[in-house]
$ cat data_13.cif   # mmCIF, C-alpha atoms
data_my_file
#
loop_
_atom_site.group_PDB
_atom_site.id
_atom_site.type_symbol
_atom_site.label_atom_id
_atom_site.label_comp_id
_atom_site.auth_asym_id
_atom_site.auth_seq_id
_atom_site.Cartn_x
_atom_site.Cartn_y
_atom_site.Cartn_z
ATOM 1 C CA MET A 234 91.318 68.507 103.642
ATOM 2 C CA ASP A 235 91.552 70.425 106.891
ATOM 3 C CA SER A 236 88.944 73.054 107.612
ATOM 4 C CA LEU A 237 90.051 76.653 108.148
ATOM 5 C CA THR A 238 87.202 78.045 110.167
ATOM 6 C CA THR A 239 88.817 81.180 111.604
ATOM 7 C CA GLY A 240 87.848 83.382 108.644
ATOM 8 C CA GLU A 241 91.302 83.513 107.068
ATOM 9 C CA PHE A 242 90.599 80.932 104.373
ATOM 10 C CA THR A 243 87.733 79.093 102.762
ATOM 11 C CA GLU A 244 87.703 75.380 102.062
ATOM 12 C CA ALA A 245 88.841 75.756 98.454
ATOM 13 C CA GLU A 246 90.048 72.812 96.422
ATOM 14 C CA GLU A 247 91.640 75.198 93.909
ATOM 15 C CA PRO A 248 93.183 78.644 94.430
ATOM 16 C CA PHE A 249 91.341 80.922 92.031
ATOM 17 C CA ARG A 250 88.034 80.962 93.907
ATOM 18 C CA LEU A 251 89.966 81.855 97.045
ATOM 19 C CA PHE A 252 91.921 84.537 95.181
ATOM 20 C CA THR A 253 88.670 86.058 93.915
ATOM 21 C CA ALA A 254 87.244 86.212 97.448
ATOM 22 C CA TRP A 255 90.377 87.842 98.821
ATOM 23 C CA MET A 256 90.499 90.343 95.962
ATOM 24 C CA GLN A 257 86.905 91.338 96.662
ATOM 25 C CA ASP A 258 87.849 91.947 100.299
ATOM 26 C CA ALA A 259 90.871 93.985 99.185
ATOM 27 C CA LYS A 260 88.781 96.165 96.875
ATOM 28 C CA ALA A 261 86.586 97.009 99.845
ATOM 29 C CA SER A 262 89.423 97.761 102.285
ATOM 30 C CA GLU A 263 92.539 98.898 100.400
ATOM 31 C CA PRO A 264 92.701 102.688 99.885
ATOM 32 C CA ASN A 265 94.702 102.448 96.645
ATOM 33 C CA ASP A 266 95.274 99.905 93.877
ATOM 34 C CA PRO A 267 94.138 96.598 95.388
ATOM 35 C CA ASP A 268 95.294 94.939 92.155
ATOM 36 C CA ALA A 269 98.899 96.106 92.610
ATOM 37 C CA ALA A 270 101.532 93.382 92.868
ATOM 38 C CA ALA A 271 105.305 93.190 93.075
ATOM 39 C CA LEU A 272 106.511 91.490 89.893
ATOM 40 C CA ALA A 273 109.861 89.681 89.871
ATOM 41 C CA THR A 274 111.774 88.727 86.729
ATOM 42 C CA VAL A 275 115.396 87.838 86.004
ATOM 43 C CA ASP A 276 117.797 89.146 83.380
ATOM 44 C CA ARG A 277 120.021 87.107 81.044
ATOM 45 C CA ASP A 278 122.576 86.699 83.843
ATOM 46 C CA GLY A 279 119.974 85.444 86.304
ATOM 47 C CA LEU A 280 120.036 88.645 88.367
ATOM 48 C CA PRO A 281 116.579 89.273 89.873
ATOM 49 C CA ASP A 282 114.652 92.458 89.181
ATOM 50 C CA ILE A 283 111.411 93.584 90.827
ATOM 51 C CA ARG A 284 108.860 96.365 90.478
ATOM 52 C CA MET A 285 105.200 97.115 91.215
ATOM 53 C CA VAL A 286 102.659 96.531 88.460
ATOM 54 C CA LEU A 287 98.879 96.550 88.220
ATOM 55 C CA MET A 288 97.364 93.152 87.502
ATOM 56 C CA ARG A 289 94.561 93.935 85.082
ATOM 57 C CA GLY A 290 93.225 90.420 84.686
ATOM 58 C CA ALA A 291 92.949 87.375 86.927
ATOM 59 C CA ASP A 292 91.157 84.141 86.137
ATOM 60 C CA GLU A 293 91.827 80.417 85.818
ATOM 61 C CA ARG A 294 94.250 81.122 82.960
ATOM 62 C CA GLY A 295 96.471 83.311 85.139
ATOM 63 C CA PHE A 296 97.362 86.903 86.012
ATOM 64 C CA VAL A 297 97.710 89.602 83.348
ATOM 65 C CA PHE A 298 99.652 92.863 83.348
ATOM 66 C CA TYR A 299 100.401 95.260 80.486
ATOM 67 C CA THR A 300 103.608 97.019 79.571
ATOM 68 C CA ASN A 301 105.963 98.204 76.873
ATOM 69 C CA SER A 302 107.613 95.046 75.553
ATOM 70 C CA GLU A 303 110.839 97.032 75.094
ATOM 71 C CA SER A 304 110.948 97.956 78.802
ATOM 72 C CA ALA A 305 113.312 96.258 81.239
ATOM 73 C CA LYS A 306 110.702 93.705 82.272
ATOM 74 C CA GLY A 307 109.662 93.124 78.668
ATOM 75 C CA VAL A 308 113.246 92.425 77.627
ATOM 76 C CA GLU A 309 113.803 90.187 80.652
ATOM 77 C CA LEU A 310 110.654 88.205 79.954
ATOM 78 C CA ALA A 311 111.671 87.753 76.325
ATOM 79 C CA SER A 312 114.876 86.007 77.423
ATOM 80 C CA GLN A 313 113.534 84.325 80.577
ATOM 81 C CA PRO A 314 109.732 83.879 80.245
ATOM 82 C CA LYS A 315 109.107 83.138 83.913
ATOM 83 C CA ALA A 316 107.983 85.393 86.741
ATOM 84 C CA ALA A 317 106.786 85.602 90.322
ATOM 85 C CA ALA A 318 104.408 88.100 91.875
ATOM 86 C CA VAL A 319 103.195 89.049 95.345
ATOM 87 C CA PHE A 320 99.934 90.754 96.249
ATOM 88 C CA HIS A 321 100.168 92.370 99.688
ATOM 89 C CA TRP A 322 97.124 93.902 101.336
ATOM 90 C CA LYS A 323 98.258 95.706 104.457
ATOM 91 C CA SER A 324 94.725 96.586 105.540
ATOM 92 C CA LEU A 325 93.842 92.879 105.622
ATOM 93 C CA ARG A 326 97.237 91.600 106.742
ATOM 94 C CA ARG A 327 97.216 89.142 103.862
ATOM 95 C CA GLN A 328 99.423 88.279 100.926
ATOM 96 C CA ILE A 329 99.315 85.936 97.944
ATOM 97 C CA ARG A 330 102.405 84.686 96.124
ATOM 98 C CA VAL A 331 102.251 83.302 92.580
ATOM 99 C CA ARG A 332 104.890 82.051 90.175
ATOM 100 C CA GLY A 333 105.001 80.346 86.830
ATOM 101 C CA PRO A 334 105.755 80.654 83.122
ATOM 102 C CA VAL A 335 104.812 83.805 81.239
ATOM 103 C CA ALA A 336 103.394 84.286 77.737
ATOM 104 C CA GLN A 337 102.050 87.257 75.810
ATOM 105 C CA VAL A 338 98.292 87.724 75.686
ATOM 106 C CA SER A 339 96.514 87.642 72.339
ATOM 107 C CA GLU A 340 96.444 90.683 70.067
ATOM 108 C CA ALA A 341 92.710 90.932 70.662
ATOM 109 C CA GLU A 342 93.157 91.008 74.443
ATOM 110 C CA ALA A 343 95.850 93.682 74.210
ATOM 111 C CA ASP A 344 93.739 95.760 71.820
ATOM 112 C CA ALA A 345 90.684 95.546 74.050
ATOM 113 C CA TYR A 346 92.507 96.571 77.199
ATOM 114 C CA PHE A 347 94.404 99.374 75.458
ATOM 115 C CA ALA A 348 91.121 100.784 74.138
ATOM 116 C CA SER A 349 89.733 100.828 77.699
ATOM 117 C CA ARG A 350 92.518 103.087 79.002
ATOM 118 C CA ALA A 351 92.157 106.845 79.388
ATOM 119 C CA ARG A 352 93.099 108.712 76.211
ATOM 120 C CA ASP A 353 96.044 110.458 77.898
ATOM 121 C CA SER A 354 97.384 107.075 79.040
ATOM 122 C CA ARG A 355 97.194 105.797 75.473
ATOM 123 C CA ILE A 356 99.120 108.857 74.277
ATOM 124 C CA GLY A 357 101.668 108.230 77.036
ATOM 125 C CA ALA A 358 102.223 104.690 75.808
ATOM 126 C CA TRP A 359 103.387 106.122 72.478
ATOM 127 C CA ALA A 360 105.484 108.883 74.045
ATOM 128 C CA SER A 361 107.385 106.855 76.657
ATOM 129 C CA GLN A 362 110.437 104.813 75.740
ATOM 130 C CA GLN A 363 109.972 102.935 78.983
ATOM 131 C CA SER A 364 113.084 102.104 81.058
ATOM 132 C CA ARG A 365 115.475 103.841 78.669
ATOM 133 C CA PRO A 366 117.508 106.971 79.490
ATOM 134 C CA LEU A 367 115.589 110.277 79.399
ATOM 135 C CA GLU A 368 117.571 113.433 78.740
ATOM 136 C CA SER A 369 115.061 115.736 80.441
ATOM 137 C CA ARG A 370 111.446 116.034 81.536
ATOM 138 C CA PHE A 371 110.975 118.465 78.653
ATOM 139 C CA ALA A 372 111.889 115.732 76.166
ATOM 140 C CA LEU A 373 109.085 113.545 77.547
ATOM 141 C CA GLU A 374 106.583 116.396 77.477
ATOM 142 C CA LYS A 375 107.616 117.180 73.893
ATOM 143 C CA ALA A 376 106.990 113.561 72.885
ATOM 144 C CA VAL A 377 103.579 113.637 74.574
ATOM 145 C CA ALA A 378 102.681 116.825 72.689
ATOM 146 C CA PHE A 379 103.824 115.280 69.391
ATOM 147 C CA TYR A 380 101.635 112.190 69.753
ATOM 148 C CA ALA A 381 98.708 114.160 71.138
ATOM 149 C CA ALA A 382 98.791 116.234 67.937
ATOM 150 C CA LYS A 383 99.303 113.167 65.739
ATOM 151 C CA TYR A 384 96.261 111.438 67.208
ATOM 152 C CA ALA A 385 94.176 114.558 67.833
ATOM 153 C CA VAL A 386 91.300 113.122 65.813
ATOM 154 C CA GLY A 387 89.909 109.619 66.088
ATOM 155 C CA GLU A 388 91.063 106.687 68.152
ATOM 156 C CA VAL A 389 94.593 106.233 69.484
ATOM 157 C CA PRO A 390 95.865 102.894 68.129
ATOM 158 C CA ARG A 391 97.826 100.484 70.274
ATOM 159 C CA PRO A 392 101.591 100.788 69.752
ATOM 160 C CA PRO A 393 103.129 97.587 68.336
ATOM 161 C CA HIS A 394 105.511 97.458 71.317
ATOM 162 C CA TRP A 395 102.731 97.655 73.924
ATOM 163 C CA THR A 396 101.166 94.380 75.005
ATOM 164 C CA GLY A 397 100.139 92.183 77.902
ATOM 165 C CA PHE A 398 101.766 89.241 79.636
ATOM 166 C CA ARG A 399 100.053 86.420 81.494
ATOM 167 C CA ILE A 400 101.616 84.515 84.382
ATOM 168 C CA SER A 401 100.203 80.983 84.345
ATOM 169 C CA PRO A 402 100.860 79.958 87.938
ATOM 170 C CA VAL A 403 102.207 76.561 88.828
ATOM 171 C CA GLU A 404 102.274 77.576 92.508
ATOM 172 C CA MET A 405 100.120 79.914 94.596
ATOM 173 C CA GLU A 406 100.521 80.547 98.317
ATOM 174 C CA PHE A 407 98.032 82.314 100.566
ATOM 175 C CA TRP A 408 99.320 83.927 103.760
ATOM 176 C CA GLN A 409 97.272 85.395 106.605
ATOM 177 C CA ASP A 410 98.761 87.183 109.602
ATOM 178 C CA ARG A 411 98.048 85.557 112.952
ATOM 179 C CA PRO A 412 99.070 86.493 116.527
ATOM 180 C CA PHE A 413 102.594 85.790 117.751
ATOM 181 C CA ARG A 414 103.798 85.226 114.163
ATOM 182 C CA LEU A 415 101.952 81.900 114.015
ATOM 183 C CA HIS A 416 100.661 82.804 110.579
ATOM 184 C CA ASP A 417 98.384 80.692 108.414
ATOM 185 C CA ARG A 418 99.931 79.550 105.124
ATOM 186 C CA VAL A 419 98.302 77.419 102.448
ATOM 187 C CA LYS A 420 100.135 76.444 99.277
ATOM 188 C CA PHE A 421 98.599 75.180 96.041
ATOM 189 C CA VAL A 422 100.770 73.346 93.500
ATOM 190 C CA ARG A 423 99.470 72.539 90.026
ATOM 191 C CA THR A 424 99.766 68.861 89.091
ATOM 192 C CA ALA A 425 98.615 66.795 86.136
ATOM 193 C CA GLU A 426 95.482 65.893 88.142
ATOM 194 C CA GLY A 427 94.715 69.441 89.300
ATOM 195 C CA TRP A 428 95.734 71.484 92.338
ATOM 196 C CA GLU A 429 97.440 69.935 95.365
ATOM 197 C CA ARG A 430 96.774 71.841 98.612
ATOM 198 C CA THR A 431 99.179 71.827 101.587
ATOM 199 C CA ARG A 432 99.317 73.668 104.923
ATOM 200 C CA LEU A 433 102.751 75.132 105.702
ATOM 201 C CA TYR A 434 104.446 76.050 108.958
ATOM 202 C CA PRO A 435 104.677 79.839 109.457
#
$ encode --input "data_13.cif" --output "structure tokens"
Amino acid sequence: MDSLTTGEFTEAEEPFRLFTAWMQDAKASEPNDPDAAALATVDRDGLPDIRMVLMRGADERGFVFYTNSESAKGVELASQPKAAAVFHWKSLRRQIRVRGPVAQVSEAEADAYFASRARDSRIGAWASQQSRPLESRFALEKAVAFYAAKYAVGEVPRPPHWTGFRISPVEMEFWQDRPFRLHDRVKFVRTAEGWERTRLYP
């Protein structure tokens, strides 16, 4: 394996240790949401769709985000359980691309993360019919007030339509800006034997 000694990459045989190092750098340098990523899905007709999400879990199993399963992305993932995502850290001039199949997290994982959210965010998960038409801002505020009153005492349970999804990457690419657009690119592809690492032209 070639050595990347310029500080852009470490000599990693697999991508998750490198991802962890880059995420630590991003948490120190990015002013907002270092765990934000652009998530791409496709609908039943194969038309791509993309939006920003917060990746709330990242380990050897994959990358986890949470959403309303009845939202546009939830519906798209139900019919086409595959996705791609891009982390872009402008302060570091780095990006990481991942893609692979998607599956729902366990009920226990979804429950645990939902319980960790701010109470108002948990109320909002009940009140929002994510991605569907909204007649007015007042209608949303009315729904928030209704569920705030309903769950005024005790814990706010997780809605049955609110869950997490995990992208299990089969490919991950690390990109580092370099002068004159001669960028560094390293791609990892999952094989039956493990991860295969390849340098790419810019």
$ resolve_selection --input "data_13.cif" --expression "the PyMOL selection byres ((chain A and resi 253) around 12)" --output "CSV table (one decimal) with C-alpha atoms, keeping the file's coordinate frame"
chain,number,residue,atom,x,y,z
A,242,PHE,CA,90.6,80.9,104.4
A,243,THR,CA,87.7,79.1,102.8
A,245,ALA,CA,88.8,75.8,98.5
A,247,GLU,CA,91.6,75.2,93.9
A,248,PRO,CA,93.2,78.6,94.4
A,249,PHE,CA,91.3,80.9,92.0
A,250,ARG,CA,88.0,81.0,93.9
A,251,LEU,CA,90.0,81.9,97.0
A,252,PHE,CA,91.9,84.5,95.2
A,254,ALA,CA,87.2,86.2,97.4
A,255,TRP,CA,90.4,87.8,98.8
A,256,MET,CA,90.5,90.3,96.0
A,257,GLN,CA,86.9,91.3,96.7
A,258,ASP,CA,87.8,91.9,100.3
A,259,ALA,CA,90.9,94.0,99.2
A,260,LYS,CA,88.8,96.2,96.9
A,267,PRO,CA,94.1,96.6,95.4
A,268,ASP,CA,95.3,94.9,92.2
A,290,GLY,CA,93.2,90.4,84.7
A,291,ALA,CA,92.9,87.4,86.9
A,292,ASP,CA,91.2,84.1,86.1
A,293,GLU,CA,91.8,80.4,85.8
A,296,PHE,CA,97.4,86.9,86.0
A,329,ILE,CA,99.3,85.9,97.9
$ residues_around --input "data_13.cif" --residues "Arg332 of chain A" --least-positions-apart "4" --cutoff "9 Å" --atoms "all atoms listed in the file" --output "count of residues only"
11
$ closest_residue --input "data_13.cif" --among "A:Val308, A:Ala261, A:Ile356, A:Ala336" --to "Gly295 of chain A" --atoms "all atoms listed in the file"
A:Ala336
$ atom_distance --input "data_13.cif" --atom1 "atom CA of Leu310 of chain A" --atom2 "atom CA of Leu373 of chain A"
25.5 Å
$ closest_residue --input "data_13.cif" --among "A:Val297, A:Ala305, A:Leu367, A:Ala378" --to "Arg399 of chain A" --atoms "only C-alpha atoms"
A:Val297
$ closest_residue --input "data_13.cif" --among "A:Tyr434, A:Trp408, A:Trp359, A:Tyr384" --to "Arg327 of chain A" --atoms "all atoms listed in the file"
A:Trp408
$ closest_residue --input "data_13.cif" --among "A:Pro334, A:Pro390, A:Pro314, A:Pro412" --to "Arg350 of chain A" --atoms "only C-alpha atoms"
A:Pro390
$ atom_distance --input "data_13.cif" --atom1 "atom CA of Gly427 of chain A" --atom2 "atom CA of Leu325 of chain A"
28.6 Å
$ resolve_selection --input "data_13.cif" --expression "the PyMOL selection byres ((chain A and resi 421) around 7)" --output "PyMOL selection string"
chain A and resi 248+404-406+419-420+422-423+428-431
$ closest_residue --input "data_13.cif" --among "A:Pro435, A:Gly357, A:Gly307, A:Pro366" --to "His394 of chain A" --atoms "only C-alpha atoms"
A:Gly307
$ closest_residue --input "data_13.cif" --among "A:Glu342, A:Glu426, A:Ser312, A:His321" --to "Ala269 of chain A" --atoms "all atoms listed in the file"
A:His321
$ resolve_selection --input "data_13.cif" --expression "the PyMOL selection byres ((chain A and resi 337) around 6)" --output "list of chain:residue names"
A:Ala336, A:Val338, A:Gly397, A:Phe398
$ write_last_selection --input "data_13.cif" --atoms "C-alpha atoms" --output "compact mmCIF listing (two decimals), keeping the file's coordinate frame"
# COMPACT_ATOMS: atom_id res chain seq x y z
CA ALA A 336 103.39 84.29 77.74
CA VAL A 338 98.29 87.72 75.69
CA GLY A 397 100.14 92.18 77.90
CA PHE A 398 101.77 89.24 79.64
$ residues_around --input "data_13.cif" --residues "Val275 of chain A" --least-positions-apart "3" --cutoff "7 Å" --atoms "all atoms listed in the file" --output "compact mmCIF listing (two decimals) with C-alpha atoms, in the coordinates of the input"
# COMPACT_ATOMS: atom_id res chain seq x y z
CA GLY A 279 119.97 85.44 86.30
CA LEU A 280 120.04 88.64 88.37
CA PRO A 281 116.58 89.27 89.87
CA ASP A 282 114.65 92.46 89.18
CA GLU A 309 113.80 90.19 80.65
CA GLN A 313 113.53 84.32 80.58
$ atom_distance --input "data_13.cif" --atom1 "atom CA of Lys375 of chain A" --atom2 "atom CA of Arg352 of chain A"
17.0 Å
$ closest_atom_pairs --input "data_13.cif" --of "segment 276-340 of chain A" --to "segment 360-363 of chain A" --cutoff "9 Å" --atoms "only C-alpha atoms" --output "JSON lines"
{"residue": "A:Thr300", "atom": "CA", "partner": "A:Gln363", "partner_atom": "CA", "distance": 8.7}
{"residue": "A:Asn301", "atom": "CA", "partner": "A:Gln363", "partner_atom": "CA", "distance": 6.6}
{"residue": "A:Ser302", "atom": "CA", "partner": "A:Gln363", "partner_atom": "CA", "distance": 8.9}
{"residue": "A:Glu303", "atom": "CA", "partner": "A:Gln363", "partner_atom": "CA", "distance": 7.1}
{"residue": "A:Ser304", "atom": "CA", "partner": "A:Gln363", "partner_atom": "CA", "distance": 5.1}
{"residue": "A:Ala305", "atom": "CA", "partner": "A:Gln363", "partner_atom": "CA", "distance": 7.8}
$ build_atoms --input "data_13.cif" --residues "segment 384-409 of chain A" --atoms "N, CA and C atoms" --output "JSON list (two decimals), in the coordinates of the input"
[["chain", "number", "residue", "atom", "x", "y", "z"],
["A", 384, "TYR", "N", 97.51, 112.16, 67.03],
["A", 384, "TYR", "CA", 96.26, 111.44, 67.21],
["A", 384, "TYR", "C", 95.17, 112.35, 67.79],
["A", 385, "ALA", "N", 95.16, 113.59, 67.32],
["A", 385, "ALA", "CA", 94.18, 114.56, 67.83],
["A", 385, "ALA", "C", 92.75, 114.19, 67.43],
["A", 386, "VAL", "N", 92.62, 113.50, 66.32],
["A", 386, "VAL", "CA", 91.30, 113.12, 65.81],
["A", 386, "VAL", "C", 91.21, 111.60, 65.74],
["A", 387, "GLY", "N", 90.12, 111.06, 66.18],
["A", 387, "GLY", "CA", 89.91, 109.62, 66.09],
["A", 387, "GLY", "C", 90.53, 108.86, 67.25],
["A", 388, "GLU", "N", 90.54, 107.54, 67.11],
["A", 388, "GLU", "CA", 91.06, 106.69, 68.15],
["A", 388, "GLU", "C", 92.59, 106.67, 68.17],
["A", 389, "VAL", "N", 93.14, 106.41, 69.34],
["A", 389, "VAL", "CA", 94.59, 106.23, 69.48],
["A", 389, "VAL", "C", 94.88, 104.75, 69.35],
["A", 390, "PRO", "N", 95.61, 104.32, 68.30],
["A", 390, "PRO", "CA", 95.86, 102.89, 68.13],
["A", 390, "PRO", "C", 96.87, 102.37, 69.15],
["A", 391, "ARG", "N", 96.86, 101.08, 69.36],
["A", 391, "ARG", "CA", 97.83, 100.48, 70.27],
["A", 391, "ARG", "C", 99.20, 100.41, 69.62],
["A", 392, "PRO", "N", 100.24, 100.90, 70.31],
["A", 392, "PRO", "CA", 101.59, 100.79, 69.75],
["A", 392, "PRO", "C", 101.97, 99.32, 69.57],
["A", 393, "PRO", "N", 102.73, 98.99, 68.55],
["A", 393, "PRO", "CA", 103.13, 97.59, 68.34],
["A", 393, "PRO", "C", 103.98, 97.03, 69.46],
["A", 394, "HIS", "N", 104.65, 97.92, 70.23],
["A", 394, "HIS", "CA", 105.51, 97.46, 71.32],
["A", 394, "HIS", "C", 104.79, 97.38, 72.66],
["A", 395, "TRP", "N", 103.50, 97.64, 72.68],
["A", 395, "TRP", "CA", 102.73, 97.66, 73.92],
["A", 395, "TRP", "C", 101.82, 96.43, 73.94],
["A", 396, "THR", "N", 101.94, 95.61, 74.97],
["A", 396, "THR", "CA", 101.17, 94.38, 75.00],
["A", 396, "THR", "C", 100.97, 93.92, 76.45],
["A", 397, "GLY", "N", 100.36, 92.75, 76.58],
["A", 397, "GLY", "CA", 100.14, 92.18, 77.90],
["A", 397, "GLY", "C", 100.87, 90.86, 78.05],
["A", 398, "PHE", "N", 101.13, 90.51, 79.31],
["A", 398, "PHE", "CA", 101.77, 89.24, 79.64],
["A", 398, "PHE", "C", 100.91, 88.53, 80.67],
["A", 399, "ARG", "N", 100.84, 87.21, 80.55],
["A", 399, "ARG", "CA", 100.05, 86.42, 81.49],
["A", 399, "ARG", "C", 100.97, 85.43, 82.23],
["A", 400, "ILE", "N", 100.94, 85.52, 83.56],
["A", 400, "ILE", "CA", 101.62, 84.52, 84.38],
["A", 400, "ILE", "C", 100.64, 83.36, 84.58],
["A", 401, "SER", "N", 101.02, 82.18, 84.14],
["A", 401, "SER", "CA", 100.20, 80.98, 84.34],
["A", 401, "SER", "C", 100.77, 80.24, 85.55],
["A", 402, "PRO", "N", 100.20, 80.44, 86.72],
["A", 402, "PRO", "CA", 100.86, 79.96, 87.94],
["A", 402, "PRO", "C", 100.92, 78.44, 88.04],
["A", 403, "VAL", "N", 102.07, 77.98, 88.47],
["A", 403, "VAL", "CA", 102.21, 76.56, 88.83],
["A", 403, "VAL", "C", 102.19, 76.42, 90.34],
["A", 404, "GLU", "N", 102.37, 77.55, 91.05],
["A", 404, "GLU", "CA", 102.27, 77.58, 92.51],
["A", 404, "GLU", "C", 101.58, 78.86, 92.95],
["A", 405, "MET", "N", 100.74, 78.76, 93.96],
["A", 405, "MET", "CA", 100.12, 79.91, 94.60],
["A", 405, "MET", "C", 100.10, 79.67, 96.10],
["A", 406, "GLU", "N", 100.52, 80.67, 96.86],
["A", 406, "GLU", "CA", 100.52, 80.55, 98.32],
["A", 406, "GLU", "C", 99.74, 81.69, 98.94],
["A", 407, "PHE", "N", 98.85, 81.35, 99.85],
["A", 407, "PHE", "CA", 98.03, 82.31, 100.57],
["A", 407, "PHE", "C", 98.55, 82.43, 102.00],
["A", 408, "TRP", "N", 98.74, 83.66, 102.45],
["A", 408, "TRP", "CA", 99.32, 83.93, 103.76],
["A", 408, "TRP", "C", 98.41, 84.89, 104.51],
["A", 409, "GLN", "N", 98.10, 84.55, 105.75],
["A", 409, "GLN", "CA", 97.27, 85.40, 106.60],
["A", 409, "GLN", "C", 97.98, 85.61, 107.93]]
